[in-house]
$ cat protein-v7.csv   # CSV, C-alpha atoms
chain,number,residue,atom,x,y,z
T,1,MET,CA,-9.9,15.8,10.5
T,2,PRO,CA,-11.9,12.7,9.3
T,3,PHE,CA,-11.4,9.5,11.3
T,4,VAL,CA,-13.1,6.2,11.0
T,5,GLN,CA,-13.3,3.4,13.6
T,6,ALA,CA,-12.1,0.1,12.3
T,7,ASN,CA,-12.1,-2.7,14.9
T,8,SER,CA,-10.2,-1.2,17.9
T,9,HIS,CA,-8.3,1.4,15.8
T,10,ARG,CA,-9.0,5.0,15.1
T,11,LEU,CA,-7.8,5.6,11.5
T,12,TYR,CA,-7.4,8.8,9.6
T,13,TYR,CA,-8.7,8.6,6.1
T,14,ALA,CA,-9.8,10.6,3.0
T,15,ASP,CA,-12.7,9.8,0.7
T,16,SER,CA,-12.9,11.4,-2.8
T,17,HIS,CA,-16.7,10.7,-3.0
T,18,PRO,CA,-18.1,10.4,0.5
T,19,ASP,CA,-21.7,10.3,-0.9
T,20,GLY,CA,-20.8,7.2,-2.9
T,21,PRO,CA,-19.4,6.4,-6.3
T,22,PRO,CA,-20.0,9.1,-9.0
T,23,THR,CA,-21.7,6.8,-11.5
T,24,PRO,CA,-23.4,3.3,-11.4
T,25,ASN,CA,-20.3,2.0,-13.3
T,26,SER,CA,-17.8,3.5,-10.9
T,27,LEU,CA,-15.4,1.4,-8.9
T,28,THR,CA,-14.2,2.0,-5.4
T,29,PHE,CA,-10.5,1.9,-4.8
T,30,CYS,CA,-9.0,1.5,-1.3
T,31,PHE,CA,-5.4,2.4,-0.9
T,32,ILE,CA,-3.0,1.0,1.7
T,33,HIS,CA,0.4,2.6,2.0
T,34,GLY,CA,3.8,1.1,3.0
T,35,LEU,CA,6.1,1.4,6.0
T,36,GLY,CA,7.1,5.0,6.9
T,37,SER,CA,4.4,6.4,4.7
T,38,SER,CA,0.8,7.7,4.7
T,39,GLN,CA,-2.2,8.1,2.5
T,40,ASN,CA,-0.5,11.1,1.0
T,41,TYR,CA,1.8,8.8,-0.9
T,42,TYR,CA,-1.1,8.2,-3.2
T,43,TYR,CA,-2.1,11.8,-3.8
T,44,PRO,CA,0.1,12.2,-6.9
T,45,VAL,CA,-1.8,9.1,-8.4
T,46,ILE,CA,-5.4,9.4,-7.5
T,47,PRO,CA,-6.2,12.4,-9.8
T,48,HIS,CA,-6.0,9.8,-12.6
T,49,LEU,CA,-9.0,8.0,-11.0
T,50,THR,CA,-11.2,10.4,-9.2
T,51,LYS,CA,-13.2,11.7,-12.2
T,52,LEU,CA,-14.6,8.2,-12.7
T,53,HIS,CA,-14.1,6.4,-9.4
T,54,ARG,CA,-14.3,6.7,-5.7
T,55,CYS,CA,-10.9,6.6,-3.9
T,56,ILE,CA,-10.5,5.9,-0.2
T,57,THR,CA,-7.0,6.4,1.3
T,58,ILE,CA,-6.1,5.3,4.8
T,59,ASP,CA,-3.3,5.9,7.3
T,60,THR,CA,-2.8,2.4,8.7
T,61,TYR,CA,-2.8,1.9,12.4
T,62,GLY,CA,0.4,3.4,14.0
T,63,SER,CA,1.2,5.4,10.8
T,64,ALA,CA,1.1,9.1,10.3
T,65,ARG,CA,-2.1,10.5,11.8
T,66,SER,CA,-3.6,7.2,12.9
T,67,PRO,CA,-2.5,7.0,16.6
T,68,TYR,CA,-0.5,4.1,17.9
T,69,THR,CA,-1.8,2.8,21.2
T,70,ASP,CA,0.8,0.2,22.0
T,71,GLU,CA,-1.0,-2.8,20.4
T,72,THR,CA,0.8,-5.5,18.6
T,73,VAL,CA,0.5,-5.0,14.8
T,74,THR,CA,0.2,-7.8,12.3
T,75,LEU,CA,-0.3,-7.6,8.5
T,76,PRO,CA,-3.5,-9.8,8.7
T,77,GLY,CA,-4.7,-7.3,11.3
T,78,ILE,CA,-4.2,-4.4,8.9
T,79,ALA,CA,-6.2,-6.4,6.3
T,80,GLU,CA,-9.0,-6.7,8.9
T,81,ASP,CA,-8.8,-2.9,9.5
T,82,VAL,CA,-9.3,-2.4,5.7
T,83,ILE,CA,-12.4,-4.5,5.8
T,84,GLY,CA,-13.5,-2.6,8.9
T,85,VAL,CA,-13.1,0.7,7.0
T,86,MET,CA,-15.1,-0.7,4.1
T,87,ASP,CA,-17.9,-1.8,6.4
T,88,THR,CA,-18.1,1.5,8.2
T,89,LEU,CA,-18.2,3.4,4.9
T,90,HIS,CA,-20.7,1.0,3.4
T,91,VAL,CA,-18.4,-0.3,0.6
T,92,GLN,CA,-19.4,-3.8,-0.3
T,93,LYS,CA,-16.6,-4.4,-2.8
T,94,ALA,CA,-13.4,-2.6,-3.7
T,95,VAL,CA,-10.3,-2.7,-5.7
T,96,VAL,CA,-7.5,-2.7,-3.2
T,97,VAL,CA,-4.2,-1.0,-4.0
T,98,GLY,CA,-1.1,-1.6,-1.7
T,99,HIS,CA,2.5,-0.5,-1.8
T,100,SER,CA,5.4,-2.4,-0.2
T,101,MET,CA,4.0,-3.5,3.2
T,102,GLY,CA,0.6,-2.7,1.8
T,103,GLY,CA,1.3,-5.0,-1.1
T,104,ILE,CA,1.4,-7.9,1.3
T,105,VAL,CA,-1.8,-6.7,2.8
T,106,VAL,CA,-3.7,-6.5,-0.5
T,107,THR,CA,-2.6,-10.0,-1.5
T,108,GLU,CA,-3.8,-11.1,2.0
T,109,LEU,CA,-7.2,-9.5,1.3
T,110,GLY,CA,-7.4,-11.1,-2.1
T,111,ALA,CA,-6.8,-14.5,-0.6
T,112,ARG,CA,-8.9,-14.2,2.5
T,113,CYS,CA,-11.8,-12.0,1.4
T,114,PRO,CA,-12.5,-12.8,-2.2
T,115,GLU,CA,-16.2,-11.8,-1.9
T,116,ARG,CA,-15.2,-8.3,-1.0
T,117,ILE,CA,-12.3,-7.7,-3.5
T,118,GLN,CA,-12.9,-6.8,-7.2
T,119,GLY,CA,-9.3,-6.5,-8.0
T,120,VAL,CA,-5.8,-6.3,-6.5
T,121,VAL,CA,-3.0,-3.9,-7.4
T,122,ALA,CA,0.3,-4.6,-5.7
T,123,ILE,CA,3.0,-2.0,-6.1
T,124,GLY,CA,6.5,-3.2,-5.1
T,125,PRO,CA,5.2,-5.8,-2.7
T,126,THR,CA,7.8,-7.1,-0.2
T,127,HIS,CA,7.7,-10.9,-0.3
T,128,PRO,CA,8.8,-12.2,3.2
T,129,SER,CA,12.4,-13.4,3.3
T,130,ASP,CA,15.3,-13.9,5.8
T,131,THR,CA,16.9,-10.7,4.5
T,132,LEU,CA,13.7,-8.7,5.1
T,133,VAL,CA,13.5,-10.0,8.7
T,134,THR,CA,17.1,-8.9,9.4
T,135,VAL,CA,16.5,-5.4,7.9
T,136,MET,CA,13.2,-4.8,9.7
T,137,ASN,CA,14.5,-6.0,13.1
T,138,LYS,CA,17.5,-3.6,12.7
T,139,ARG,CA,15.2,-0.7,11.8
T,140,SER,CA,13.0,-1.4,14.8
T,141,GLU,CA,15.9,-1.3,17.1
T,142,THR,CA,17.3,1.9,15.5
T,143,VAL,CA,14.2,4.0,15.7
T,144,LEU,CA,13.4,2.9,19.3
T,145,LYS,CA,16.9,4.0,20.3
T,146,SER,CA,17.5,7.0,18.1
T,147,GLY,CA,14.1,8.2,16.8
T,148,ILE,CA,12.8,8.4,13.3
T,149,GLU,CA,15.5,10.8,11.9
T,150,PRO,CA,18.0,8.0,11.0
T,151,MET,CA,15.4,6.6,8.6
T,152,ALA,CA,14.5,10.0,7.2
T,153,ASN,CA,18.1,10.8,6.6
T,154,THR,CA,18.9,7.6,4.6
T,155,ILE,CA,15.8,6.0,3.0
T,156,PRO,CA,14.9,8.9,0.7
T,157,PHE,CA,18.3,8.6,-0.9
T,158,GLY,CA,19.0,4.9,-0.8
T,159,ALA,CA,15.6,3.5,-1.8
T,160,VAL,CA,14.8,5.5,-5.0
T,161,GLY,CA,15.8,5.0,-8.6
T,162,SER,CA,18.0,7.0,-11.0
T,163,ARG,CA,15.0,9.1,-12.2
T,164,SER,CA,14.2,10.5,-8.8
T,165,THR,CA,14.4,14.2,-8.2
T,166,PRO,CA,15.4,16.3,-5.1
T,167,LEU,CA,11.7,17.3,-4.7
T,168,GLN,CA,10.6,13.7,-4.6
T,169,LYS,CA,13.3,12.8,-2.1
T,170,ALA,CA,12.1,15.7,0.1
T,171,PHE,CA,8.5,14.4,-0.1
T,172,ILE,CA,9.6,10.9,1.0
T,173,ARG,CA,11.7,12.4,3.8
T,174,GLU,CA,8.6,14.4,5.0
T,175,LEU,CA,6.5,11.2,5.0
T,176,ILE,CA,9.0,9.4,7.1
T,177,LEU,CA,9.4,12.3,9.6
T,178,GLY,CA,5.7,12.2,10.1
T,179,GLN,CA,5.9,8.8,11.8
T,180,ASP,CA,5.6,7.9,15.5
T,181,PRO,CA,8.8,5.9,16.2
T,182,LYS,CA,7.0,3.4,18.4
T,183,GLY,CA,4.4,2.9,15.6
T,184,TYR,CA,7.1,2.6,13.0
T,185,ALA,CA,8.9,0.0,15.1
T,186,ALA,CA,5.7,-2.0,15.6
T,187,LEU,CA,5.2,-2.1,11.9
T,188,CYS,CA,8.8,-3.2,11.3
T,189,ARG,CA,8.1,-6.1,13.7
T,190,ALA,CA,4.9,-6.9,11.8
T,191,ILE,CA,6.8,-7.1,8.6
T,192,ALA,CA,9.6,-9.2,10.2
T,193,THR,CA,7.1,-11.7,11.4
T,194,ALA,CA,4.8,-11.8,8.4
T,195,LYS,CA,4.2,-15.0,6.5
T,196,PRO,CA,3.6,-15.0,2.7
T,197,ALA,CA,0.0,-14.7,1.8
T,198,ASP,CA,-1.7,-17.7,0.1
T,199,TYR,CA,-0.9,-16.4,-3.3
T,200,ALA,CA,-2.6,-19.3,-5.0
T,201,ALA,CA,-5.9,-18.3,-3.3
T,202,VAL,CA,-5.9,-15.0,-5.1
T,203,HIS,CA,-8.3,-15.3,-8.1
T,204,ALA,CA,-9.3,-11.6,-8.6
T,205,PRO,CA,-7.8,-9.7,-11.5
T,206,PHE,CA,-4.3,-8.8,-10.4
T,207,LEU,CA,-1.9,-6.0,-11.4
T,208,LEU,CA,1.7,-6.0,-10.2
T,209,ILE,CA,3.8,-2.8,-10.6
T,210,VAL,CA,7.5,-3.0,-10.0
T,211,GLY,CA,10.5,-0.7,-10.4
T,212,ASP,CA,13.5,-2.1,-12.2
T,213,GLU,CA,15.8,-0.3,-9.6
T,214,ASP,CA,13.9,-1.4,-6.5
T,215,LYS,CA,16.3,-2.7,-3.9
T,216,SER,CA,13.6,-3.2,-1.2
T,217,ALA,CA,11.1,-5.3,-3.2
T,218,SER,CA,13.4,-7.5,-5.4
T,219,MET,CA,12.4,-8.4,-8.9
T,220,GLU,CA,12.9,-12.1,-7.8
T,221,GLY,CA,10.4,-11.7,-5.0
T,222,CYS,CA,7.9,-9.9,-7.2
T,223,GLN,CA,8.1,-12.5,-9.9
T,224,HIS,CA,7.6,-15.2,-7.3
T,225,ILE,CA,4.4,-13.5,-6.2
T,226,PHE,CA,3.2,-13.0,-9.8
T,227,HIS,CA,3.8,-16.6,-10.9
T,228,HIS,CA,2.0,-18.0,-7.8
T,229,ILE,CA,-1.1,-15.8,-8.1
T,230,SER,CA,-4.0,-17.9,-9.6
T,231,SER,CA,-5.8,-15.0,-11.3
T,232,GLU,CA,-6.7,-15.7,-14.9
T,233,GLN,CA,-6.4,-12.0,-15.6
T,234,LYS,CA,-3.0,-10.7,-14.3
T,235,SER,CA,-0.3,-8.5,-15.6
T,236,LEU,CA,3.2,-7.4,-14.5
T,237,GLU,CA,4.4,-3.9,-15.4
T,238,VAL,CA,8.0,-2.8,-14.9
T,239,LEU,CA,8.9,0.9,-14.5
T,240,LYS,CA,12.3,1.9,-15.8
T,241,GLY,CA,14.6,3.9,-13.6
T,242,VAL,CA,12.3,3.6,-10.6
T,243,GLY,CA,13.1,2.4,-7.2
T,244,HIS,CA,10.8,1.6,-4.3
T,245,TRP,CA,8.7,4.8,-4.1
T,246,HIS,CA,6.8,4.2,-7.3
T,247,CYS,CA,3.8,6.6,-6.8
T,248,ILE,CA,6.2,9.5,-6.1
T,249,GLU,CA,8.9,8.6,-8.6
T,250,ALA,CA,6.6,7.8,-11.5
T,251,ALA,CA,3.1,9.1,-10.5
T,252,ASP,CA,1.7,9.5,-14.0
T,253,GLU,CA,2.8,6.1,-15.1
T,254,VAL,CA,1.4,4.4,-12.0
T,255,GLY,CA,-1.8,6.4,-12.2
T,256,GLY,CA,-2.2,5.5,-15.8
T,257,LEU,CA,-1.7,1.8,-15.2
T,258,ILE,CA,-4.2,1.7,-12.4
T,259,ALA,CA,-6.7,3.7,-14.4
T,260,LYS,CA,-6.3,1.3,-17.3
T,261,PHE,CA,-6.8,-1.6,-14.9
T,262,GLY,CA,-10.0,0.0,-13.7
T,263,ASP,CA,-11.2,0.3,-17.3
T,264,VAL,CA,-10.5,-3.5,-17.8
T,265,LEU,CA,-12.4,-4.3,-14.6
T,266,ASN,CA,-15.4,-2.3,-15.9
T,267,VAL,CA,-15.4,-4.3,-19.1
T,268,VAL,CA,-15.2,-7.6,-17.2
T,269,ASN,CA,-18.0,-6.5,-14.8
T,270,ALA,CA,-20.3,-5.2,-17.6

$ encode --input "protein-v7.csv" --output "structure tokens"
Amino acid sequence: MPFVQANSHRLYYADSHPDGPPTPNSLTFCFIHGLGSSQNYYYPVIPHLTKLHRCITIDTYGSARSPYTDETVTLPGIAEDVIGVMDTLHVQKAVVVGHSMGGIVVTELGARCPERIQGVVAIGPTHPSDTLVTVMNKRSETVLKSGIEPMANTIPFGAVGSRSTPLQKAFIRELILGQDPKGYAALCRAIATAKPADYAAVHAPFLLIVGDEDKSASMEGCQHIFHHISSEQKSLEVLKGVGHWHCIEAADEVGGLIAKFGDVLNVVNA
């Protein structure tokens, strides 16, 4: 299995074009998943991109196949790991795509590393709040006491929208069951202690995708992020009947929106 060393972490990853982007005008997209997920979350979406662009998907430290080694996890630390992956794979600039927890990470990257970021796509980003702190601390306690099954038995049914299918719920359940409980708990604590990124420092082109039935990343929180982003080129897209697992619940719509965003970036960079 392909692993890459980023800082002190051994991360599992996949690269659609390991020899480099397919054309001189191609973009490189780096995908960062959310809590209880893996790079496989993006596999229904990336076929919309890989004909023209390079796509790198990462299991973040402590998630899925990237082993947890008892280190404290922070969201800025995950952002540093993404830059570490880019460095190791010789990617100078990338469009970063993040879901949920990963949505916080990509805004952090846009604010802290503007010279490395060509664009930011945030999918259902979870804006830090007192409610989120309470939820994440409770989840951390639950999985350390009872394992990952309580999350797998509830999240696939409570965090999706009205359009979701039994097959989609099964996929989400499988993603959650693939987590190390200790790694999952550490990531819960990372989210609980996270501070909002400096949204005003994000100037790269910005795409925000939200589900109108998302209970985990509230519309209010997403609108707060959107209105505070400084990008001159930014757009907010709302998916009807979709909850928090956008790339599974509405893969073709999300893939199409990201592909369109890539087309716009190519025009801007031409």

$ residues_around --input "protein-v7.csv" --residues "segment 151-160 of chain T" --least-positions-apart "6" --cutoff "8 Å" --atoms "all atoms listed in the file" --output "ChimeraX atom specification"
/T:139,143,169-170,172-174,176-177,213-216,242-245,249

$ atom_distance --input "protein-v7.csv" --atom1 "atom CA of Val238 of chain T" --atom2 "atom CA of Cys188 of chain T"
26.2 Å

$ residues_near_point --input "protein-v7.csv" --point "(4.3, 13.4, 12.2)" --cutoff "10 Å" --atoms "only C-alpha atoms" --output "NGL selection string"
:T and (63-65 or 148 or 174-181)

$ closest_atom_pairs --input "protein-v7.csv" --of "segment 153-198 of chain T" --to "segment 111-133 of chain T" --cutoff "7 Å" --atoms "all atoms listed in the file" --output "Markdown table"
| residue | atom | partner | partner_atom | distance |
| --- | --- | --- | --- | --- |
| T:Ala192 | CA | T:Val133 | CA | 4.3 |
| T:Ala194 | CA | T:Pro128 | CA | 6.6 |
| T:Lys195 | CA | T:Pro128 | CA | 6.3 |
| T:Pro196 | CA | T:Pro128 | CA | 5.9 |
| T:Asp198 | CA | T:Ala111 | CA | 6.1 |

$ residues_around --input "protein-v7.csv" --residues "Glu237 of chain T" --least-positions-apart "5" --cutoff "10 Å" --atoms "all atoms listed in the file" --output "ChimeraX atom specification"
/T:123,207-212,254,257

$ residues_around --input "protein-v7.csv" --residues "Val91 of chain T" --least-positions-apart "3" --cutoff "12 Å" --atoms "only C-alpha atoms" --output "PyMOL selection string"
chain T and resi 15+17-21+27-30+54-56+82-88+94-96+115-118

$ write_last_selection --input "protein-v7.csv" --atoms "C-alpha atoms" --output "tab-separated table (two decimals), keeping the file's coordinate frame"
chain	number	residue	atom	x	y	z
T	15	ASP	CA	-12.70	9.80	0.70
T	17	HIS	CA	-16.70	10.70	-3.00
T	18	PRO	CA	-18.10	10.40	0.50
T	19	ASP	CA	-21.70	10.30	-0.90
T	20	GLY	CA	-20.80	7.20	-2.90
T	21	PRO	CA	-19.40	6.40	-6.30
T	27	LEU	CA	-15.40	1.40	-8.90
T	28	THR	CA	-14.20	2.00	-5.40
T	29	PHE	CA	-10.50	1.90	-4.80
T	30	CYS	CA	-9.00	1.50	-1.30
T	54	ARG	CA	-14.30	6.70	-5.70
T	55	CYS	CA	-10.90	6.60	-3.90
T	56	ILE	CA	-10.50	5.90	-0.20
T	82	VAL	CA	-9.30	-2.40	5.70
T	83	ILE	CA	-12.40	-4.50	5.80
T	84	GLY	CA	-13.50	-2.60	8.90
T	85	VAL	CA	-13.10	0.70	7.00
T	86	MET	CA	-15.10	-0.70	4.10
T	87	ASP	CA	-17.90	-1.80	6.40
T	88	THR	CA	-18.10	1.50	8.20
T	94	ALA	CA	-13.40	-2.60	-3.70
T	95	VAL	CA	-10.30	-2.70	-5.70
T	96	VAL	CA	-7.50	-2.70	-3.20
T	115	GLU	CA	-16.20	-11.80	-1.90
T	116	ARG	CA	-15.20	-8.30	-1.00
T	117	ILE	CA	-12.30	-7.70	-3.50
T	118	GLN	CA	-12.90	-6.80	-7.20

$ closest_residue --input "protein-v7.csv" --among "T:Pro24, T:Gly34, T:Gly183, T:Pro44" --to "Phe171 of chain T" --atoms "only C-alpha atoms"
T:Pro44

$ closest_residue --input "protein-v7.csv" --among "T:Leu144, T:Ser66, T:Pro150, T:Ser16" --to "Tyr43 of chain T" --atoms "only C-alpha atoms"
T:Ser16

$ closest_residue --input "protein-v7.csv" --among "T:Lys145, T:His9, T:Lys93, T:His33" --to "Asp81 of chain T" --atoms "all atoms listed in the file"
T:His9

$ atom_distance --input "protein-v7.csv" --atom1 "atom CA of Leu11 of chain T" --atom2 "atom CA of Tyr61 of chain T"
6.3 Å

$ atom_distance --input "protein-v7.csv" --atom1 "atom CA of Thr193 of chain T" --atom2 "atom CA of Ile258 of chain T"
29.6 Å

$ closest_residue --input "protein-v7.csv" --among "T:Tyr68, T:Asn25, T:Asn137, T:Gln5" --to "Ala190 of chain T" --atoms "all atoms listed in the file"
T:Asn137

$ closest_residue --input "protein-v7.csv" --among "T:Asp59, T:Thr50, T:Asp70, T:Gly36" --to "Tyr12 of chain T" --atoms "all atoms listed in the file"
T:Asp59
